[in-house]
Amino acid sequence: MTDTERLSAREVLALVTDPATFTELPSPIRESQESAPDGPLTWQGYDASRARAVERTGESESVVCGTASVLGTRAVLIAFEFGFLGGSLGERTGDRLEAAYGHAREQGLPVVPLVATGGSRMQEGMLALTQLQRVARQSALTREAGLPQIAVLRDPTTGGGWATLGAGADIVLALPRAQVGFAGSRVRPPDADPSAYTAEAQVANGAADAVVPATDLRETLGLWLRLLTDGGKRRGTGGDTPDARSGTEPAPVPHALGAGDLPRTGWEAVQRARSPRRPRAEAYLDAYFTRRLALSGDRCGGTDAGMLCGFGERDGRTVAFAAQAGTATRPAGYRTAARLIRLADRLGIPVLTLVDTPGAANDAEAERRGAGAAIAELFGAVAAARTPITTLVIGEGGSGGALALAAPGTTYATPDSYFSVIAPELAAAILKRPPEQAEPTADQLRIRPQDLVDLGVIRGIAGPPPNRS
């Protein structure tokens, strides 16, 4: 089976589910439509088209819905059959989708749409288009119930199916080279670049999280389901007491991986944090998690490689993470971190944030992309979160661009880090001091980890791993 092969609904279900675990849900009966010739618009030839679709696919509608296990985690799966009138959505499709989402909420199960659709069904007109409102309502109710939704985009995923079941999911995975876009191939502008309507382009532009080969789909989907469901509810070891508001145990503070002694001066703290030899976010995440998956994109057209977000497993439970990787954080990075924190909050999963940035990107492009609004969004997500957030400053803590990712009252720092209202060089410039005054200015700012503890800005200083002398 190749990644470009167009799978039927039953084939994709067999691909991702554990053997012999799929149970199809009963299909709702729309009695008024059963006796209506050629559908609700009496579209001539519609009944004949449906009959041919049934004969060709063996299905009675464009979606197959049921429950199954994926690597041991039960879920409600919605598989589109593209061979049935292009996987289009009609009233009966809406009935099945509504029933599937309702069953998921009744049973407390995550929802996995396996999407392959050309959009709304022409032969049912506006009645077909309004099914998108039904789908959006069911998705919203499921979100309010604290249940995750993980979409898999197959070839093709276009129109309203992409704009609801696909793009509206919490996590969006896609098969390689799948056609993905709101506009299908027959309605695009004649000069449109076809590469913009691919799974790879949607990931690059922040609208999807990852492209996953068909051979890896069951394992990846199964791990996502595990991380976003029961894994987050387990109590781990090594953390603080459960958060009083959410009942969730906070993520434990990571061990410091770099220097163990404290800096003598503010300028030494700055130099340590800027050292290329200092451990960065990837090293901390590797040491902290046994396995993890990345969440990518701000869903607004952007990504930022300098903000690492996702969910991982530590001590048998799930912890979400948002980690700055030492670069100036761009607006897309702040929006992606805010998206991560809101999702973790809704699912009751604790969050770990790692602060390491010289500050927010302040070039013209960052301003055009809404740097201030993006930082404000992240400040708001952290402030509103009911799930506990643990923060560790692992390097540079540059101004509000770093503070936006820090949790008030539960922020710690490593010995090779600093946190400052502004970089010492810039502080000296603002104060109209010569450049050589940056070093004493660093001392005046009191930016060393021990200074931050004395000032009450951070809660403590992270220690080394227990096996390190």
# chains A, B, ... in the order shown; residues from 1 in each chain; ligands from 1
>>> select_by_dssp(residues="segment 18-182 of chain A", states="strand (DSSP E or B)", output="PyMOL selection string")
chain A and resi 23-24+63-70+73-80+89+111-117+120+149-158+171-174+179-181
>>> select_by_dssp(residues="segment 387-418 of chain A", states="helix (DSSP H, G or I)", output="PyMOL selection string")
chain A and resi 399-403
>>> write_last_selection(atoms="C-alpha atoms", output="PDB file, in the first residue's frame")
ATOM      1  CA  SER A 399      11.764  40.829  28.552  1.00  0.00           C
ATOM      2  CA  GLY A 400       8.034  40.315  27.875  1.00  0.00           C
ATOM      3  CA  GLY A 401       8.794  37.961  25.021  1.00  0.00           C
ATOM      4  CA  ALA A 402      10.038  35.497  27.636  1.00  0.00           C
ATOM      5  CA  LEU A 403       7.658  36.405  30.442  1.00  0.00           C
TER       6      LEU A 403
END
>>> closest_residue(among="A:Leu378, A:Ala145, A:Ala210, A:Ala428", to="Ala442 of chain A", atoms="only C-alpha atoms")
A:Ala428
>>> closest_residue(among="A:Glu425, A:Glu377, A:Asp304, A:Glu367", to="Glu439 of chain A", atoms="only C-alpha atoms")
A:Glu425
>>> residues_around(residues="Thr157 of chain A", least_positions_apart="6", cutoff="8 Å", atoms="only C-alpha atoms", output="ChimeraX atom specification")
/A:115-118,166,178-181
>>> write_last_selection(atoms="C-alpha atoms", output="PDB file, in the first residue's frame")
ATOM      1  CA  VAL A 115     -11.533  12.592   5.985  1.00  0.00           C
ATOM      2  CA  ALA A 116     -11.715  12.198   2.207  1.00  0.00           C
ATOM      3  CA  THR A 117     -14.339  14.455   0.679  1.00  0.00           C
ATOM      4  CA  GLY A 118     -14.996  16.870  -2.127  1.00  0.00           C
ATOM      5  CA  GLY A 166     -10.464  18.556   9.286  1.00  0.00           C
ATOM      6  CA  ALA A 178      -2.861  14.334  -0.131  1.00  0.00           C
ATOM      7  CA  GLN A 179      -4.787  17.149  -1.797  1.00  0.00           C
ATOM      8  CA  VAL A 180      -5.879  19.436   1.058  1.00  0.00           C
ATOM      9  CA  GLY A 181      -7.525  22.824   0.638  1.00  0.00           C
TER      10      GLY A 181
END
>>> residues_around(residues="Ala9 of chain A", least_positions_apart="2", cutoff="9 Å", atoms="only C-alpha atoms", output="mmCIF file with N, CA and C atoms, in the first residue's frame")
data_model
loop_
_atom_site.group_PDB
_atom_site.id
_atom_site.type_symbol
_atom_site.label_atom_id
_atom_site.label_comp_id
_atom_site.auth_asym_id
_atom_site.auth_seq_id
_atom_site.Cartn_x
_atom_site.Cartn_y
_atom_site.Cartn_z
ATOM 1 N N LEU A 7 -7.533 5.181 -0.489
ATOM 2 C CA LEU A 7 -8.107 4.092 0.279
ATOM 3 C C LEU A 7 -9.609 4.256 0.424
ATOM 4 N N GLU A 11 -10.922 0.238 4.064
ATOM 5 C CA GLU A 11 -9.484 0.017 4.023
ATOM 6 C C GLU A 11 -8.748 0.913 5.012
ATOM 7 N N VAL A 12 -9.151 2.174 5.115
ATOM 8 C CA VAL A 12 -8.459 3.055 6.052
ATOM 9 C C VAL A 12 -8.791 2.674 7.491
ATOM 10 N N LEU A 13 -9.999 2.176 7.737
ATOM 11 C CA LEU A 13 -10.329 1.682 9.075
ATOM 12 C C LEU A 13 -9.471 0.476 9.434
ATOM 13 N N ALA A 14 -9.277 -0.427 8.473
ATOM 14 C CA ALA A 14 -8.428 -1.591 8.725
ATOM 15 C C ALA A 14 -6.974 -1.168 8.945
ATOM 16 N N SER A 62 -21.894 8.167 2.460
ATOM 17 C CA SER A 62 -20.508 8.572 2.211
ATOM 18 C C SER A 62 -19.620 8.503 3.449
ATOM 19 N N VAL A 63 -20.165 8.107 4.606
ATOM 20 C CA VAL A 63 -19.347 7.928 5.802
ATOM 21 C C VAL A 63 -19.699 6.603 6.467
ATOM 22 N N VAL A 64 -18.692 6.004 7.065
ATOM 23 C CA VAL A 64 -18.859 4.806 7.886
ATOM 24 C C VAL A 64 -18.412 5.187 9.291
ATOM 25 N N ILE A 78 -14.734 8.072 12.204
ATOM 26 C CA ILE A 78 -15.621 8.483 11.120
ATOM 27 C C ILE A 78 -14.812 8.406 9.836
ATOM 28 N N ALA A 79 -15.069 7.388 9.010
ATOM 29 C CA ALA A 79 -14.298 7.179 7.785
ATOM 30 C C ALA A 79 -15.125 7.571 6.573
ATOM 31 N N PHE A 80 -14.613 8.477 5.769
ATOM 32 C CA PHE A 80 -15.305 8.894 4.549
ATOM 33 C C PHE A 80 -15.015 7.908 3.423
ATOM 34 N N GLU A 81 -16.046 7.658 2.637
ATOM 35 C CA GLU A 81 -15.935 6.827 1.447
ATOM 36 C C GLU A 81 -15.984 7.749 0.226
ATOM 37 N N PHE A 82 -14.810 8.061 -0.334
ATOM 38 C CA PHE A 82 -14.783 8.999 -1.457
ATOM 39 C C PHE A 82 -15.460 8.429 -2.689
ATOM 40 N N GLY A 83 -15.481 7.111 -2.815
ATOM 41 C CA GLY A 83 -16.147 6.503 -3.962
ATOM 42 C C GLY A 83 -17.642 6.699 -3.972
ATOM 43 N N LEU A 114 -11.581 10.448 9.662
ATOM 44 C CA LEU A 114 -10.645 10.033 8.608
ATOM 45 C C LEU A 114 -11.221 10.583 7.312
ATOM 46 N N ALA A 116 -11.985 12.198 3.645
ATOM 47 C CA ALA A 116 -11.715 12.198 2.207
ATOM 48 C C ALA A 116 -13.002 12.643 1.539
#
>>> closest_residue(among="A:Thr220, A:Thr265, A:Gln271, A:Ser417", to="Arg292 of chain A", atoms="only C-alpha atoms")
A:Thr220
>>> residues_around(residues="Gly266 of chain A", least_positions_apart="3", cutoff="12 Å", atoms="only C-alpha atoms", output="NGL selection string")
:A and (262-263 or 269-273 or 415-420 or 423-424 or 438-452)
>>> closest_residue(among="A:Ile461, A:Val203, A:Gly159, A:Val172", to="Val187 of chain A", atoms="only C-alpha atoms")
A:Gly159
>>> closest_residue(among="A:Ala201, A:Val319, A:Ala325, A:Val152", to="Gly301 of chain A", atoms="only C-alpha atoms")
A:Ala201
>>> closest_residue(among="A:Glu313, A:Asp209, A:Glu396, A:Asp286", to="Thr336 of chain A", atoms="only C-alpha atoms")
A:Asp209
>>> residues_around(residues="Gln202 of chain A", least_positions_apart="3", cutoff="12 Å", atoms="only C-alpha atoms", output="number ranges by chain")
A: 153, 157, 162, 166-167, 172-182, 195-199, 205-211, 296-303
>>> residues_around(residues="Gly398 of chain A", least_positions_apart="5", cutoff="6 Å", atoms="only C-alpha atoms", output="JSON, numbers by chain")
{"A": [357, 358, 359, 420, 422]}
